[in-house]
$ cat model-v6.txt   # compact mmCIF, C-alpha atoms and all ligand atoms
# COMPACT_ATOMS: atom_id res chain seq x y z
CA MET A 16 0.00 0.00 0.00
CA ILE A 17 1.18 3.51 -0.81
CA THR A 18 1.11 6.15 1.91
CA PRO A 19 0.60 9.47 0.16
CA GLN A 20 2.62 12.40 1.42
CA LEU A 21 0.16 14.90 2.78
CA THR A 22 2.68 17.60 3.42
CA GLN A 23 3.87 17.58 -0.16
CA LEU A 24 0.35 17.62 -1.64
CA ALA A 25 -0.69 20.42 0.73
CA TYR A 26 2.48 22.33 -0.08
CA ARG A 27 1.89 22.08 -3.82
CA LEU A 28 -1.79 23.04 -3.52
CA GLY A 29 -0.76 26.01 -1.40
CA THR A 30 1.96 27.06 -3.85
CA ILE A 31 -0.34 27.18 -6.86
CA ASN A 32 -3.22 28.75 -4.95
CA GLN A 33 -0.86 31.57 -3.97
CA PHE A 34 -0.71 32.69 -7.59
CA LYS A 35 -3.63 35.04 -7.00
CA THR A 36 -5.22 38.19 -8.31
CA ASN A 37 -6.50 40.83 -5.90
CA GLU A 38 -10.02 39.46 -6.19
CA VAL A 39 -11.71 37.14 -3.71
CA GLY A 40 -11.00 33.41 -4.21
CA GLN A 41 -9.10 31.83 -7.10
CA ASN A 42 -9.33 33.55 -10.49
CA ARG A 43 -7.22 31.38 -12.75
CA PHE A 44 -8.78 32.13 -16.12
CA VAL A 45 -7.24 30.37 -19.09
CA TYR A 46 -4.11 32.14 -20.46
CA SER A 47 -4.20 34.83 -17.73
CA PRO A 48 -1.05 35.63 -15.69
CA THR A 49 -2.16 33.43 -12.75
CA TRP A 50 -2.89 30.56 -15.14
CA ILE A 51 0.56 30.92 -16.72
CA ASP A 52 2.22 30.92 -13.28
CA ALA A 53 0.29 27.78 -12.28
CA GLN A 54 0.93 25.75 -15.43
CA LYS A 55 4.57 26.85 -15.42
CA GLN A 56 5.03 25.73 -11.82
CA LEU A 57 3.59 22.33 -12.67
CA ILE A 58 6.00 22.04 -15.60
CA LYS A 59 8.92 22.90 -13.30
CA TRP A 60 7.89 20.19 -10.85
CA GLY A 61 7.54 17.73 -13.72
CA LEU A 62 11.02 18.53 -15.02
CA GLU A 63 12.52 18.26 -11.52
CA LEU A 64 10.88 14.86 -11.08
CA ARG A 65 12.20 13.72 -14.49
CA PHE A 66 8.84 13.33 -16.20
CA GLN A 67 8.82 13.78 -19.99
CA VAL A 68 7.00 17.09 -20.41
CA ASN A 69 4.81 17.98 -23.39
CA VAL A 70 2.83 21.15 -23.95
CA ASP A 71 0.27 21.19 -26.77
CA ASP A 72 -1.02 24.10 -28.87
CA PHE A 73 -3.70 24.96 -26.29
CA GLY A 74 -1.31 24.88 -23.32
CA THR A 75 -2.52 21.56 -21.96
CA THR A 76 0.46 19.97 -20.23
CA TYR A 77 1.30 16.26 -20.23
CA LEU A 78 3.81 14.74 -17.80
CA ASP A 79 4.83 11.20 -18.79
CA ILE A 80 6.71 8.40 -17.08
CA PRO A 81 7.37 6.09 -20.06
CA GLY A 82 6.46 2.43 -19.74
CA THR A 83 9.22 -0.19 -19.84
CA THR A 84 7.51 -2.88 -21.91
CA GLU A 85 4.38 -1.19 -23.30
CA PRO A 86 5.29 2.49 -23.69
CA LYS A 87 2.54 3.12 -26.27
CA ASN A 88 -0.11 1.87 -23.87
CA VAL A 89 -0.87 5.00 -21.86
CA ILE A 90 -2.71 5.12 -18.52
CA ALA A 91 -3.65 8.74 -17.91
CA THR A 92 -4.96 10.78 -15.00
CA GLY A 93 -5.47 14.51 -14.46
CA SER A 94 -7.95 17.39 -14.51
CA HIS A 95 -8.03 21.12 -15.31
CA ILE A 96 -5.88 24.00 -14.02
CA ASP A 97 -8.34 26.89 -14.66
CA THR A 98 -11.06 28.08 -12.25
CA VAL A 99 -14.38 29.90 -12.31
CA ALA A 100 -14.44 33.56 -11.18
CA GLN A 101 -13.91 33.70 -7.41
CA GLY A 102 -13.45 29.94 -7.40
CA GLY A 103 -12.14 27.51 -4.83
CA LYS A 104 -8.78 25.89 -4.17
CA TYR A 105 -9.59 22.35 -5.24
CA ASP A 106 -11.89 22.23 -8.30
CA GLY A 107 -9.58 20.94 -11.00
CA LEU A 108 -6.31 21.56 -9.20
CA TYR A 109 -6.82 18.66 -6.78
CA GLY A 110 -7.05 16.21 -9.70
CA VAL A 111 -3.87 17.64 -11.24
CA LEU A 112 -1.76 17.67 -8.08
CA GLY A 113 -3.34 14.52 -6.62
CA GLY A 114 -2.46 12.79 -9.89
CA LEU A 115 1.11 14.09 -9.74
CA GLN A 116 1.40 12.83 -6.16
CA SER A 117 0.04 9.41 -7.09
CA ILE A 118 2.45 8.92 -9.97
CA GLU A 119 5.38 10.23 -7.95
CA ASN A 120 4.57 7.82 -5.11
CA LEU A 121 4.17 4.87 -7.47
CA VAL A 122 7.51 5.49 -9.17
CA ALA A 123 9.24 5.89 -5.80
CA ALA A 124 7.75 2.62 -4.53
CA PHE A 125 7.73 0.41 -7.63
CA GLY A 126 10.02 2.06 -10.18
CA GLN A 127 9.16 2.59 -13.82
CA PRO A 128 5.75 1.18 -14.86
CA LYS A 129 5.20 -1.36 -17.67
CA LYS A 130 2.76 1.01 -19.37
CA THR A 131 3.27 4.76 -19.66
CA LEU A 132 1.77 6.80 -16.82
CA ARG A 133 0.58 10.25 -17.87
CA LEU A 134 -0.55 13.24 -15.84
CA ILE A 135 -2.66 15.74 -17.80
CA SER A 136 -3.27 19.33 -16.75
CA PHE A 137 -5.98 20.52 -19.12
CA SER A 138 -5.73 24.17 -20.12
CA GLU A 139 -9.41 25.06 -19.70
CA GLU A 140 -12.63 23.44 -18.56
CA GLU A 141 -14.86 26.04 -16.92
CA GLY A 142 -15.85 28.39 -19.75
CA SER A 143 -15.13 31.38 -17.50
CA ARG A 144 -13.24 33.53 -20.01
CA PHE A 145 -14.26 32.59 -23.56
CA PRO A 146 -17.73 31.42 -24.67
CA ASP A 147 -16.86 27.71 -24.81
CA THR A 148 -16.15 25.01 -22.26
CA PHE A 149 -13.70 22.07 -22.05
CA THR A 150 -11.46 23.59 -24.75
CA GLY A 151 -8.37 21.77 -23.40
CA SER A 152 -9.83 18.27 -23.59
CA LYS A 153 -11.70 19.11 -26.80
CA HIS A 154 -8.41 20.00 -28.48
CA TYR A 155 -6.69 16.85 -27.16
CA THR A 156 -9.48 14.62 -28.45
CA GLY A 157 -9.76 16.32 -31.85
CA GLN A 158 -13.00 18.27 -31.39
CA PRO A 159 -13.12 21.67 -33.10
CA VAL A 160 -12.75 24.85 -31.06
CA ASP A 161 -13.39 28.32 -32.52
CA LEU A 162 -10.02 30.10 -32.37
CA ASN A 163 -11.68 33.40 -33.27
CA MET A 164 -13.93 33.64 -30.23
CA GLN A 165 -13.34 36.64 -27.99
CA ASP A 166 -13.33 37.25 -24.26
CA PRO A 167 -15.33 40.20 -22.80
CA ALA A 168 -12.32 42.50 -23.38
CA GLY A 169 -12.34 41.61 -27.10
CA ILE A 170 -9.14 39.51 -26.95
CA HIS A 171 -9.18 36.63 -29.41
CA PHE A 172 -8.70 33.11 -28.10
CA ASP A 173 -5.96 32.47 -30.64
CA ASP A 174 -3.92 35.52 -29.59
CA ALA A 175 -4.29 34.78 -25.88
CA ARG A 176 -3.34 31.16 -26.49
CA LYS A 177 -0.18 31.93 -28.46
CA SER A 178 1.25 34.48 -26.07
CA ALA A 179 0.49 32.34 -23.00
CA ILE A 180 2.07 29.19 -24.42
CA ALA A 181 5.28 31.01 -25.31
CA ASN A 182 5.76 31.33 -21.53
CA LEU A 183 5.46 27.59 -20.98
CA MET A 184 8.17 26.40 -23.32
CA LEU A 185 10.88 25.98 -20.70
CA PRO A 186 14.12 24.20 -21.67
CA GLY A 187 13.39 20.46 -21.60
CA THR A 188 9.72 20.71 -22.66
CA ASN A 189 8.42 19.31 -25.96
CA HIS A 190 5.75 21.02 -28.01
CA GLU A 191 3.42 18.36 -29.37
CA LEU A 192 0.06 16.68 -29.03
CA PRO A 193 0.62 13.22 -27.56
CA GLN A 194 -1.34 10.12 -28.62
CA LEU A 195 -4.59 9.40 -26.79
CA PRO A 196 -4.43 7.20 -23.69
CA ALA A 197 -5.98 3.74 -23.22
CA THR A 198 -7.75 4.89 -20.06
CA PHE A 199 -8.35 8.19 -18.26
CA THR A 200 -9.09 8.52 -14.53
CA GLU A 201 -10.02 11.94 -13.13
CA LEU A 202 -9.72 12.59 -9.41
CA HIS A 203 -12.03 15.43 -8.29
CA ILE A 204 -13.86 16.89 -5.33
CA GLU A 205 -17.55 15.98 -5.37
CA GLN A 206 -18.72 19.64 -5.32
CA GLY A 207 -22.03 18.60 -3.78
CA PRO A 208 -23.30 17.32 -0.42
CA ARG A 209 -24.02 13.65 -1.01
CA LEU A 210 -20.81 11.98 0.20
CA ILE A 211 -20.43 14.21 3.24
CA ASN A 212 -24.09 13.85 4.26
CA GLN A 213 -23.96 10.07 3.99
CA GLY A 214 -20.63 9.74 5.81
CA LEU A 215 -18.96 8.22 2.73
CA GLN A 216 -15.36 8.73 1.67
CA ILE A 217 -15.31 7.97 -2.05
CA GLY A 218 -17.68 8.43 -5.01
CA LEU A 219 -17.27 6.36 -8.17
CA VAL A 220 -18.84 8.30 -11.02
CA THR A 221 -21.08 6.42 -13.42
CA ALA A 222 -22.48 9.32 -15.49
CA ILE A 223 -22.25 13.09 -15.99
CA VAL A 224 -25.29 15.32 -16.58
CA GLY A 225 -25.96 16.99 -19.90
CA GLN A 226 -25.66 20.76 -19.82
CA ARG A 227 -26.49 23.71 -22.03
CA ARG A 228 -25.56 27.35 -21.71
CA TYR A 229 -27.30 30.27 -23.37
CA THR A 230 -27.08 34.04 -23.49
CA VAL A 231 -30.33 36.03 -23.61
CA THR A 232 -30.18 39.58 -24.98
CA VAL A 233 -32.97 42.03 -24.15
CA LYS A 234 -33.05 45.29 -26.10
CA GLY A 235 -35.09 48.23 -24.90
CA ILE A 236 -34.52 51.98 -25.04
CA ALA A 237 -32.30 53.83 -22.59
CA ASN A 238 -33.99 56.98 -21.33
CA HIS A 239 -34.22 59.44 -18.45
CA ALA A 240 -35.36 57.83 -15.15
CA GLY A 241 -37.32 60.87 -14.03
CA THR A 242 -39.01 62.11 -17.18
CA THR A 243 -39.98 58.93 -19.01
CA PRO A 244 -43.59 58.01 -18.06
CA MET A 245 -44.02 54.56 -16.49
CA ASN A 246 -46.44 53.52 -19.21
CA ASP A 247 -44.10 54.55 -22.01
CA ARG A 248 -40.73 52.98 -21.29
CA ALA A 249 -38.86 50.15 -22.88
CA ASP A 250 -37.05 48.98 -19.74
CA ALA A 251 -34.76 46.09 -20.69
CA LEU A 252 -34.04 45.10 -17.09
CA GLN A 253 -37.71 44.87 -16.07
CA GLN A 254 -38.29 42.66 -19.08
CA ALA A 255 -35.23 40.51 -18.18
CA VAL A 256 -36.59 40.05 -14.65
CA ASP A 257 -39.97 38.91 -16.04
CA LEU A 258 -38.24 36.50 -18.41
CA ILE A 259 -36.08 34.98 -15.67
CA LEU A 260 -39.09 34.40 -13.44
CA ALA A 261 -41.08 32.81 -16.26
CA LEU A 262 -38.12 30.60 -17.28
CA ARG A 263 -37.47 29.49 -13.73
CA ASN A 264 -41.10 28.51 -13.20
CA ALA A 265 -41.18 26.69 -16.52
CA ALA A 266 -38.04 24.73 -15.62
CA HIS A 267 -39.48 23.69 -12.28
CA GLN A 268 -42.77 22.63 -13.84
CA LEU A 269 -41.02 20.63 -16.53
CA LYS A 270 -38.91 18.59 -14.07
CA PRO A 271 -38.04 19.51 -10.49
CA ASP A 272 -34.46 18.25 -10.84
CA LEU A 273 -33.78 20.30 -13.97
CA THR A 274 -31.24 22.83 -12.69
CA PHE A 275 -31.68 26.42 -13.86
CA THR A 276 -29.12 29.13 -13.09
CA VAL A 277 -28.79 32.75 -14.18
CA GLY A 278 -25.24 33.45 -13.04
CA GLU A 279 -24.11 36.37 -15.16
CA MET A 280 -25.89 39.58 -16.12
CA HIS A 281 -24.83 42.81 -17.79
CA ILE A 282 -26.91 45.96 -17.64
CA SER A 283 -26.36 48.93 -19.90
CA PRO A 284 -25.70 51.68 -19.17
CA ASN A 285 -25.83 50.45 -15.53
CA THR A 286 -26.51 53.84 -14.02
CA SER A 287 -29.03 54.68 -11.29
CA ASN A 288 -30.87 57.45 -13.13
CA VAL A 289 -31.18 55.83 -16.55
CA VAL A 290 -33.84 53.32 -17.66
CA PRO A 291 -31.75 50.31 -18.78
CA GLY A 292 -31.59 50.03 -22.56
CA LEU A 293 -29.78 46.71 -22.92
CA VAL A 294 -29.45 43.62 -20.73
CA THR A 295 -27.76 40.29 -21.34
CA PHE A 296 -27.92 37.31 -18.99
CA THR A 297 -26.76 33.72 -19.14
CA ILE A 298 -28.72 30.52 -18.52
CA ASP A 299 -26.99 27.31 -17.37
CA CYS A 300 -29.32 24.31 -17.26
CA ARG A 301 -28.55 20.64 -16.64
CA ASN A 302 -30.25 17.28 -16.39
CA ASN A 303 -29.57 13.59 -16.78
CA ASP A 304 -32.33 13.28 -19.39
CA GLU A 305 -31.47 14.67 -22.81
CA ALA A 306 -35.14 14.86 -23.82
CA VAL A 307 -35.83 17.21 -20.90
CA LEU A 308 -33.04 19.53 -22.04
CA ASP A 309 -34.40 19.48 -25.61
CA ARG A 310 -37.88 20.29 -24.38
CA PHE A 311 -36.61 23.10 -22.15
CA GLU A 312 -34.64 24.58 -25.03
CA HIS A 313 -37.88 24.79 -26.99
CA ILE A 314 -39.56 26.48 -24.02
CA ILE A 315 -36.70 28.96 -23.66
CA HIS A 316 -37.16 30.04 -27.28
CA GLN A 317 -40.92 30.34 -26.83
CA ILE A 318 -40.67 32.45 -23.70
CA VAL A 319 -37.80 34.67 -24.84
CA GLU A 320 -39.07 35.24 -28.36
CA THR A 321 -42.68 36.00 -27.50
CA PRO A 322 -43.01 39.76 -28.09
CA ALA A 323 -43.43 41.70 -24.84
CA ALA A 324 -43.96 45.41 -25.42
CA ALA A 325 -43.73 47.39 -28.64
CA LYS A 326 -40.24 48.74 -28.19
CA ILE A 327 -38.62 45.72 -26.52
CA SER A 328 -37.14 42.69 -28.26
CA SER A 329 -35.38 39.62 -26.88
CA SER A 330 -33.31 36.86 -28.42
CA VAL A 331 -31.45 33.79 -27.20
CA ASN A 332 -28.25 32.14 -28.33
CA ARG A 333 -26.94 28.75 -27.20
CA TRP A 334 -23.14 28.74 -26.89
CA ALA A 335 -22.39 25.50 -25.11
CA LYS A 336 -23.96 22.04 -25.20
CA SER A 337 -22.76 18.74 -23.83
CA ASN A 338 -24.77 15.56 -23.77
CA VAL A 339 -25.37 13.18 -20.88
CA THR A 340 -22.27 10.98 -20.66
CA HIS A 341 -21.96 7.45 -19.34
CA LEU A 342 -18.53 6.57 -17.98
CA ASP A 343 -16.85 3.14 -18.03
CA ASP A 344 -18.66 0.66 -15.73
CA GLN A 345 -15.77 -1.77 -15.46
CA LEU A 346 -13.27 0.87 -14.34
CA ALA A 347 -15.75 2.16 -11.73
CA GLN A 348 -16.29 -1.37 -10.43
CA ASN A 349 -12.55 -2.04 -10.29
CA ASN A 350 -12.06 1.16 -8.32
CA GLN A 351 -14.91 0.27 -5.97
CA LEU A 352 -13.24 -3.08 -5.22
CA LEU A 353 -9.95 -1.30 -4.59
CA ALA A 354 -11.75 1.14 -2.27
CA ASP A 355 -13.20 -1.85 -0.36
CA GLN A 356 -9.71 -3.31 -0.02
CA LEU A 357 -8.42 0.01 1.34
CA GLY A 358 -11.30 0.13 3.83
CA LEU A 359 -12.86 3.19 2.18
CA LYS A 360 -16.65 3.56 2.22
CA SER A 361 -17.79 4.31 -1.32
CA VAL A 362 -20.84 4.70 -3.53
CA GLN A 363 -21.48 4.88 -7.26
CA LEU A 364 -23.11 8.16 -8.27
CA ALA A 365 -23.78 10.54 -11.16
CA SER A 366 -22.13 13.97 -11.38
CA GLY A 367 -24.12 17.19 -11.62
CA ALA A 368 -20.97 19.12 -12.54
CA GLY A 369 -19.29 19.00 -15.92
CA HIS A 370 -15.83 17.46 -16.23
CA ASP A 371 -13.12 16.88 -18.83
CA SER A 372 -13.97 13.21 -18.33
CA GLN A 373 -17.13 13.66 -20.41
CA ILE A 374 -14.96 14.75 -23.34
CA MET A 375 -12.34 12.06 -22.77
CA ALA A 376 -15.06 9.40 -22.54
CA LYS A 377 -15.83 9.92 -26.23
CA VAL A 378 -12.41 8.55 -27.19
CA THR A 379 -11.20 6.36 -24.33
CA ARG A 380 -12.35 4.31 -21.34
CA THR A 381 -12.89 6.91 -18.63
CA THR A 382 -13.72 6.97 -14.94
CA MET A 383 -13.80 9.47 -12.05
CA ILE A 384 -13.06 9.31 -8.33
CA PHE A 385 -14.80 11.84 -6.05
CA VAL A 386 -13.87 12.85 -2.51
CA PRO A 387 -16.26 14.70 -0.16
CA SER A 388 -16.79 18.47 -0.25
CA ILE A 389 -17.28 20.06 3.18
CA ASN A 390 -20.82 21.55 3.32
CA GLY A 391 -21.17 20.55 -0.34
CA ILE A 392 -19.79 23.94 -1.42
CA SER A 393 -17.93 24.48 -4.70
CA HIS A 394 -17.36 27.19 -7.31
CA ALA A 395 -16.89 29.48 -4.30
CA PRO A 396 -13.94 30.50 -2.12
CA GLU A 397 -15.31 28.38 0.76
CA GLU A 398 -14.81 25.17 -1.25
CA ASN A 399 -12.99 22.75 1.06
CA THR A 400 -12.14 19.08 1.65
CA SER A 401 -10.52 17.60 4.76
CA GLN A 402 -6.85 16.72 4.48
CA ALA A 403 -7.75 13.12 5.34
CA ASP A 404 -10.21 12.92 2.44
CA LEU A 405 -7.73 14.51 0.02
CA LEU A 406 -5.29 11.77 0.98
CA ARG A 407 -7.85 9.00 0.63
CA GLY A 408 -8.53 10.04 -2.94
CA VAL A 409 -4.82 9.98 -3.76
CA GLU A 410 -4.51 6.59 -2.09
CA LEU A 411 -7.29 5.12 -4.22
CA LEU A 412 -6.01 6.76 -7.40
CA SER A 413 -2.54 5.32 -6.71
CA ALA A 414 -4.01 1.84 -6.26
CA SER A 415 -5.99 2.19 -9.48
CA LEU A 416 -3.03 3.45 -11.54
CA HIS A 417 -0.89 0.67 -10.05
CA GLN A 418 -3.43 -1.95 -11.02
CA GLN A 419 -3.60 -0.59 -14.55
CA ALA A 420 0.04 0.30 -15.36
CA TYR A 421 2.31 -2.16 -13.46
C1 LIG B 501 -17.81 22.91 -14.40
O1 LIG B 501 -17.23 22.87 -13.33
C2 LIG B 501 -19.22 22.99 -14.37
O2 LIG B 501 -19.85 21.97 -14.04
O3 LIG B 501 -19.74 24.09 -14.58
MN MN B 502 -13.69 20.79 -12.18
MN MN B 503 -15.78 23.70 -12.01
MN MN B 504 -35.47 30.51 -32.08
$ encode --input "model-v6.txt" --output "structure tokens"
Amino acid sequence: MITPQLTQLAYRLGTINQFKTNEVGQNRFVYSPTWIDAQKQLIKWGLELRFQVNVDDFGTTYLDIPGTTEPKNVIATGSHIDTVAQGGKYDGLYGVLGGLQSIENLVAAFGQPKKTLRLISFSEEEGSRFPDTFTGSKHYTGQPVDLNMQDPAGIHFDDARKSAIANLMLPGTNHELPQLPATFTELHIEQGPRLINQGLQIGLVTAIVGQRRYTVTVKGIANHAGTTPMNDRADALQQAVDLILALRNAAHQLKPDLTFTVGEMHISPNTSNVVPGLVTFTIDCRNNDEAVLDRFEHIIHQIVETPAAAKISSSVNRWAKSNVTHLDDQLAQNNQLLADQLGLKSVQLASGAGHDSQIMAKVTRTTMIFVPSINGISHAPEENTSQADLLRGVELLSASLHQQAY
């Protein structure tokens, strides 16, 4: 049995989480200065530990320990290095650094594996800067990504990508897209309350919800707040509020477990004495039934596109869609048996959060290991997991990689 080194994992988590902006929580948007610092630090650790280091065109980083007898047979683990705005310390990063710790421990205990062990730090998963999600794993698996898309400041993805990656090409790194692995295992915090509430230590993920993201644009007419009569205004924000309420009620009526979130809103001109002339807001909705998401999409169009008042118009644009994904049953069962052997209480469950695993699962056998989230909080600075649970996840991941690669 491998005893993971807590101090080293905690030290590495702390080091990367110190690359901060002045804002609250972690703000590691893809290709930003904090993202560059984080990915660069990982590359330095990889080089120090004598991994073979590859960086691809999107800045996803691959750390390999080549196999002795089956080097082309790759057993991969990893997660994403970016965060949401004001995010937590573990979403994504735990899977990257927990994976590094597992591979480091295995090599120290058992030497070089028969098959190649690979740690992957995906460039981007959250969709927090550009209007697309999972761009790192999409690029690795050959799915198209629009290089022309822009962030809110008007910076093109392709320009941001090129200048960020130039910073990652340290001496000793290769610049290429490695072959796809035979299996992928993602270690992650649960981000919800089920494990912690049930007193369980490990979740084995069987499926990932489908999700869609939209932007609704409401156009009215900006005008003076004091002189424009109440019955003659085209107030874009009042209309947005009505739409959100109607959409939320429709979602709940359609299926109570259909999640519906308006998380981002922009008001123009955003001034106290002006009737708002333009509002945009996002919708994030998720479910484990694709037909429900299709039906809700239809309802969204109906509600948003039904004319409200003469001078107000609304439209909706879907910018992200991922289908319900089923992960590999055999790998989950193997990991559950390993958890039993390690004395860890586990359960098989579905994930309500999106993960790179849903992209990887299209091309390779894929599984996920969850550890509990204290108070079920994630995508927030309060996101936390006990040190003991962080270690348990690394312990199980090590056992799983050992079973697969040695
Ligand atoms: C990604 O973390 C998501 O589920 O939004
Ligand atoms: Mn994540
Ligand atoms: Mn996330
Ligand atoms: Mn339409």
$ residues_near_ligand --input "model-v6.txt" --ligand "ligand MN 503 (chain B)" --cutoff "7 Å" --atoms "all atoms listed in the file" --output "list in words"
Thr98, Val99, Asp106, Gly107, Glu141, Ala368 and His394 of chain A
$ closest_atom_pairs --input "model-v6.txt" --of "chain A" --to "ligand MN 502 (chain B)" --cutoff "10 Å" --atoms "all atoms listed in the file" --output "Markdown table"
| residue | atom | partner | partner_atom | distance |
| --- | --- | --- | --- | --- |
| A:Ser94 | CA | B:MN502 | MN | 7.1 |
| A:His95 | CA | B:MN502 | MN | 6.5 |
| A:Ile96 | CA | B:MN502 | MN | 8.6 |
| A:Asp97 | CA | B:MN502 | MN | 8.5 |
| A:Thr98 | CA | B:MN502 | MN | 7.8 |
| A:Val99 | CA | B:MN502 | MN | 9.1 |
| A:Tyr105 | CA | B:MN502 | MN | 8.2 |
| A:Asp106 | CA | B:MN502 | MN | 4.5 |
| A:Gly107 | CA | B:MN502 | MN | 4.3 |
| A:Leu108 | CA | B:MN502 | MN | 8.0 |
| A:Tyr109 | CA | B:MN502 | MN | 9.0 |
| A:Gly110 | CA | B:MN502 | MN | 8.4 |
| A:Glu139 | CA | B:MN502 | MN | 9.6 |
| A:Glu140 | CA | B:MN502 | MN | 7.0 |
| A:Glu141 | CA | B:MN502 | MN | 7.2 |
| A:Phe149 | CA | B:MN502 | MN | 10.0 |
| A:Glu201 | CA | B:MN502 | MN | 9.6 |
| A:Leu202 | CA | B:MN502 | MN | 9.5 |
| A:His203 | CA | B:MN502 | MN | 6.8 |
| A:Ile204 | CA | B:MN502 | MN | 7.9 |
| A:Glu205 | CA | B:MN502 | MN | 9.2 |
| A:Gln206 | CA | B:MN502 | MN | 8.6 |
| A:Ala368 | CA | B:MN502 | MN | 7.5 |
| A:Gly369 | CA | B:MN502 | MN | 7.0 |
| A:His370 | CA | B:MN502 | MN | 5.7 |
| A:Asp371 | CA | B:MN502 | MN | 7.7 |
| A:Ser372 | CA | B:MN502 | MN | 9.8 |
| A:Ser393 | CA | B:MN502 | MN | 9.4 |
| A:His394 | CA | B:MN502 | MN | 8.8 |
$ residues_around --input "model-v6.txt" --residues "Gln216 in chain A" --least-positions-apart "3" --cutoff "8 Å" --atoms "only C-alpha atoms" --output "list in words"
Leu210, Ile211, Leu359, Lys360, Ser361, Val386, Pro387, Asp404 and Arg407 of chain A
$ write_last_selection --input "model-v6.txt" --atoms "C-alpha atoms" --output "short mmCIF file (atom, residue, chain, number, x, y, z; two decimals), in the frame of the given file"
data_model
loop_
_atom_site.label_atom_id
_atom_site.label_comp_id
_atom_site.auth_asym_id
_atom_site.auth_seq_id
_atom_site.Cartn_x
_atom_site.Cartn_y
_atom_site.Cartn_z
CA LEU A 210 -20.81 11.98 0.20
CA ILE A 211 -20.43 14.21 3.24
CA LEU A 359 -12.86 3.19 2.18
CA LYS A 360 -16.65 3.56 2.22
CA SER A 361 -17.79 4.31 -1.32
CA VAL A 386 -13.87 12.85 -2.51
CA PRO A 387 -16.26 14.70 -0.16
CA ASP A 404 -10.21 12.92 2.44
CA ARG A 407 -7.85 9.00 0.63
#
$ atom_distance --input "model-v6.txt" --atom1 "CA of Thr150 in chain A" --atom2 "CA of Gly225 in chain A"
16.7 Å
$ closest_residue --input "model-v6.txt" --among "A:Ser283, A:Gln356, A:Thr321, A:Ser366" --to "ligand MN 504 (chain B)" --atoms "only C-alpha atoms and all ligand atoms"
A:Thr321
$ closest_residue --input "model-v6.txt" --among "A:Leu195, A:Leu219, A:Val290, A:Leu112" --to "Gly241 in chain A" --atoms "only C-alpha atoms"
A:Val290
$ closest_atom_pairs --input "model-v6.txt" --of "chain A" --to "ligand MN 504 (chain B)" --cutoff "12 Å" --atoms "only C-alpha atoms and all ligand atoms" --output "JSON lines"
{"residue": "A:Tyr229", "atom": "CA", "partner": "B:MN504", "partner_atom": "MN", "distance": 11.9}
{"residue": "A:Val231", "atom": "CA", "partner": "B:MN504", "partner_atom": "MN", "distance": 11.3}
{"residue": "A:Glu312", "atom": "CA", "partner": "B:MN504", "partner_atom": "MN", "distance": 9.2}
{"residue": "A:His313", "atom": "CA", "partner": "B:MN504", "partner_atom": "MN", "distance": 8.0}
{"residue": "A:Ile314", "atom": "CA", "partner": "B:MN504", "partner_atom": "MN", "distance": 9.9}
{"residue": "A:Ile315", "atom": "CA", "partner": "B:MN504", "partner_atom": "MN", "distance": 8.6}
{"residue": "A:His316", "atom": "CA", "partner": "B:MN504", "partner_atom": "MN", "distance": 5.1}
{"residue": "A:Gln317", "atom": "CA", "partner": "B:MN504", "partner_atom": "MN", "distance": 7.6}
{"residue": "A:Ile318", "atom": "CA", "partner": "B:MN504", "partner_atom": "MN", "distance": 10.1}
{"residue": "A:Val319", "atom": "CA", "partner": "B:MN504", "partner_atom": "MN", "distance": 8.7}
{"residue": "A:Glu320", "atom": "CA", "partner": "B:MN504", "partner_atom": "MN", "distance": 7.0}
{"residue": "A:Thr321", "atom": "CA", "partner": "B:MN504", "partner_atom": "MN", "distance": 10.2}
{"residue": "A:Ser329", "atom": "CA", "partner": "B:MN504", "partner_atom": "MN", "distance": 10.5}
{"residue": "A:Ser330", "atom": "CA", "partner": "B:MN504", "partner_atom": "MN", "distance": 7.6}
{"residue": "A:Val331", "atom": "CA", "partner": "B:MN504", "partner_atom": "MN", "distance": 7.1}
{"residue": "A:Asn332", "atom": "CA", "partner": "B:MN504", "partner_atom": "MN", "distance": 8.3}
{"residue": "A:Arg333", "atom": "CA", "partner": "B:MN504", "partner_atom": "MN", "distance": 10.0}
$ atom_distance --input "model-v6.txt" --atom1 "CA of Val378 in chain A" --atom2 "CA of Val160 in chain A"
16.8 Å
$ atom_distance --input "model-v6.txt" --atom1 "CA of Arg209 in chain A" --atom2 "CA of Gln268 in chain A"
24.4 Å
$ residues_around --input "model-v6.txt" --residues "Ala25 in chain A" --least-positions-apart "5" --cutoff "10 Å" --atoms "all atoms listed in the file" --output "PyMOL selection string"
chain A and resi 20+30+109+112-113+402+405-406
$ write_last_selection --input "model-v6.txt" --atoms "C-alpha atoms" --output "PDB file, in the frame of the given file"
ATOM      1  CA  GLN A  20       2.620  12.400   1.420  1.00  0.00           C
ATOM      2  CA  THR A  30       1.960  27.060  -3.850  1.00  0.00           C
ATOM      3  CA  TYR A 109      -6.820  18.660  -6.780  1.00  0.00           C
ATOM      4  CA  LEU A 112      -1.760  17.670  -8.080  1.00  0.00           C
ATOM      5  CA  GLY A 113      -3.340  14.520  -6.620  1.00  0.00           C
ATOM      6  CA  GLN A 402      -6.850  16.720   4.480  1.00  0.00           C
ATOM      7  CA  LEU A 405      -7.730  14.510   0.020  1.00  0.00           C
ATOM      8  CA  LEU A 406      -5.290  11.770   0.980  1.00  0.00           C
TER       9      LEU A 406
END
$ closest_residue --input "model-v6.txt" --among "A:Thr22, A:Val45, A:Leu269, A:Leu252" --to "Asp173 in chain A" --atoms "only C-alpha atoms"
A:Val45
$ residues_around --input "model-v6.txt" --residues "Ala168 in chain A" --least-positions-apart "6" --cutoff "12 Å" --atoms "all atoms listed in the file" --output "compact mmCIF listing (two decimals) with C-alpha atoms, in the coordinates of the input"
# COMPACT_ATOMS: atom_id res chain seq x y z
CA ARG A 144 -13.24 33.53 -20.01
CA PHE A 145 -14.26 32.59 -23.56
CA ALA A 175 -4.29 34.78 -25.88
